[in-house]
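Here is the structure we will look at, set down as structure tokens.
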Amino acid sequence: MFLCKEISVGKSVTRAFYNLRLKQDSLEGVVLDIGGGKNSDYLNFMSRAENVTFLTLDVKAGAVVDFEKDRLPVEDATADTVLFLNVMEHIYNHKHILSEVFRITKPGGKLIGVVPFLMWYHQDPRDYFRYTHEALEKIFSECGISNYTIEPIARGPFTAASQMVIQSLPRIVRVPVFALHYALDGIFLKLRPTQGERYVLGYYFSINKQYPS
């Protein structure tokens, strides 16, 4: 029902699945949203403590910073949680920005990110990459990052197909079309239970920054 509700209000299939996954996360202390823009509705799905302070760093929200090469204007170990959602695909020098967001995460803090995989071309202002879990693992290793988890956001080929067509349909028919494809994947997964993760909408990752040894 959650997925259908999100699609009914205009979200893409991938974004609906992302928001469903983010419901499992909680926010505490200083939360820094990288590239989040203004009025990021995904924050509504994440539980939060009373002491949460939100900071946003995004060129569309007035930040004068080049994510490709600049040092982020934030001190080391500032944020208890860094949100890094749907940003890496828009940055060519992705290892630089990843290293920067890791730098500003406190030891003991968490960096939460998502990247798309099956997604149409979308400029913001550029669109460079699609990542597999293997690519993310290699990038994390090259940035000196360990203690992470990567989760595929996937159901099956029919759900993946619905992601690519639903946004071009009138909103009134999107939920029935999605529900049909979602149900077809239920049949597909009964027949081929190990194949669903081949049709990845995107990846969720969580990095827990360790204290220096």
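Ordered as shown in the structure tokens, chains take letters A, B, and onward, while each chain numbers its residues from 1 and ligands are numbered from 1 in the order shown.
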Legend entry - Long-range neighbours of Ala77 in chain A as a PyMOL selection string, 12 Å cut-off, only C-alpha atoms, 5 positions minimum in chain: chain A and resi 30-32+82+100-111+209-212
List the neighbours of range 197-203 of chain A out to 10 Å using only C-alpha atoms; skip same-chain residues closer than 5 positions along the sequence, and give me the result as a compact mmCIF listing (two decimals) with N, CA and C atoms, in the first residue's frame.
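Written out: part-v1.txt:
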# COMPACT_ATOMS: atom_id res chain seq x y z
N VAL A 13 8.64 4.76 -9.53
CA VAL A 13 8.70 3.48 -8.83
C VAL A 13 9.96 3.42 -7.97
N THR A 14 11.08 3.82 -8.53
CA THR A 14 12.33 3.79 -7.79
C THR A 14 12.27 4.67 -6.55
N ARG A 15 11.75 5.87 -6.70
CA ARG A 15 11.68 6.78 -5.54
C ARG A 15 10.75 6.21 -4.47
N PHE A 17 10.26 3.03 -3.80
CA PHE A 17 11.03 1.99 -3.12
C PHE A 17 12.09 2.60 -2.20
N TYR A 18 12.75 3.67 -2.65
CA TYR A 18 13.73 4.34 -1.80
C TYR A 18 13.08 4.82 -0.51
N ASN A 86 20.94 10.14 -4.21
CA ASN A 86 20.83 10.48 -5.64
C ASN A 86 21.71 11.66 -6.02
N GLY A 113 23.29 6.64 1.74
CA GLY A 113 23.22 7.05 0.34
C GLY A 113 22.36 6.14 -0.50
N VAL A 114 21.91 6.66 -1.62
CA VAL A 114 21.28 5.85 -2.65
C VAL A 114 21.78 6.31 -4.01
N VAL A 115 21.87 5.36 -4.92
CA VAL A 115 22.21 5.67 -6.31
C VAL A 115 21.27 4.87 -7.22
N PRO A 116 20.87 5.42 -8.35
CA PRO A 116 19.99 4.68 -9.26
C PRO A 116 20.78 3.72 -10.12
N PHE A 117 20.10 2.74 -10.66
CA PHE A 117 20.69 1.86 -11.66
C PHE A 117 19.82 1.85 -12.92
N LEU A 118 18.63 1.27 -12.83
CA LEU A 118 17.71 1.34 -13.98
C LEU A 118 16.96 2.66 -13.91
N MET A 119 17.45 3.63 -14.62
CA MET A 119 16.89 4.99 -14.55
C MET A 119 17.14 5.69 -15.87
N ARG A 130 25.83 5.17 -13.85
CA ARG A 130 24.98 4.20 -13.16
C ARG A 130 25.92 3.20 -12.49
N TYR A 131 25.66 2.86 -11.24
CA TYR A 131 26.58 2.04 -10.46
C TYR A 131 26.00 0.66 -10.18
N THR A 132 26.87 -0.35 -10.24
CA THR A 132 26.55 -1.68 -9.72
C THR A 132 27.09 -1.78 -8.30
N HIS A 133 26.72 -2.84 -7.58
CA HIS A 133 27.28 -3.03 -6.23
C HIS A 133 28.79 -3.23 -6.30
N LEU A 136 30.40 0.21 -6.53
CA LEU A 136 30.38 0.88 -5.23
C LEU A 136 31.44 0.31 -4.30
N ILE A 150 25.67 -2.60 1.43
CA ILE A 150 25.04 -2.20 0.17
C ILE A 150 23.84 -3.11 -0.05
N GLU A 151 22.69 -2.51 -0.29
CA GLU A 151 21.47 -3.27 -0.47
C GLU A 151 20.87 -2.96 -1.85
N PRO A 152 20.60 -3.97 -2.66
CA PRO A 152 19.90 -3.71 -3.92
C PRO A 152 18.44 -3.36 -3.66
N ILE A 153 17.95 -2.39 -4.38
CA ILE A 153 16.52 -2.06 -4.37
C ILE A 153 15.95 -2.71 -5.63
N ALA A 154 15.27 -3.83 -5.45
CA ALA A 154 14.86 -4.62 -6.62
C ALA A 154 13.68 -5.50 -6.25
N ARG A 155 12.91 -5.88 -7.26
CA ARG A 155 11.88 -6.90 -7.10
C ARG A 155 11.94 -7.90 -8.23
N GLY A 156 11.92 -7.43 -9.49
CA GLY A 156 11.98 -8.33 -10.62
C GLY A 156 11.86 -7.57 -11.92
N PRO A 157 11.83 -8.27 -13.06
CA PRO A 157 11.84 -7.61 -14.36
C PRO A 157 10.58 -6.80 -14.65
N PHE A 158 9.45 -7.22 -14.15
CA PHE A 158 8.21 -6.50 -14.44
C PHE A 158 8.16 -5.18 -13.68
N THR A 159 8.58 -5.20 -12.42
CA THR A 159 8.66 -3.95 -11.66
C THR A 159 9.67 -3.00 -12.29
N ALA A 160 10.80 -3.55 -12.73
CA ALA A 160 11.80 -2.72 -13.41
C ALA A 160 11.23 -2.10 -14.68
N ALA A 161 10.44 -2.87 -15.42
CA ALA A 161 9.83 -2.34 -16.64
C ALA A 161 8.83 -1.24 -16.30
N GLN A 163 8.97 0.85 -13.89
CA GLN A 163 9.72 2.07 -13.57
C GLN A 163 9.99 2.88 -14.83
N MET A 164 10.27 2.21 -15.93
CA MET A 164 10.66 2.91 -17.14
C MET A 164 9.49 3.49 -17.92
Inset, instruction - Determine the nearest neighbour of Ser146 in chain A from the options A:Cys4, A:Phe84, A:Asn208, A:Val52, counting only C-alpha atoms. - result: A:Asn208
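Neighbouring residues of range 42-48 of chain A at 7 Å or closer, counting only C-alpha atoms and skipping chain neighbours under 6 positions away, are Asn19, Leu22, Lys23, Gln24, Asp25, Ser26, Leu27 and Glu28 of chain A.
A straight line drawn from CA of Val177 in chain A to CA of Ile7 in chain A is 10.4 Å long.
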Inset, instruction - To one decimal in Å, tell me the separation between CA of Gln195 in chain A and CA of Lys5 in chain A. - result: 26.7 Å
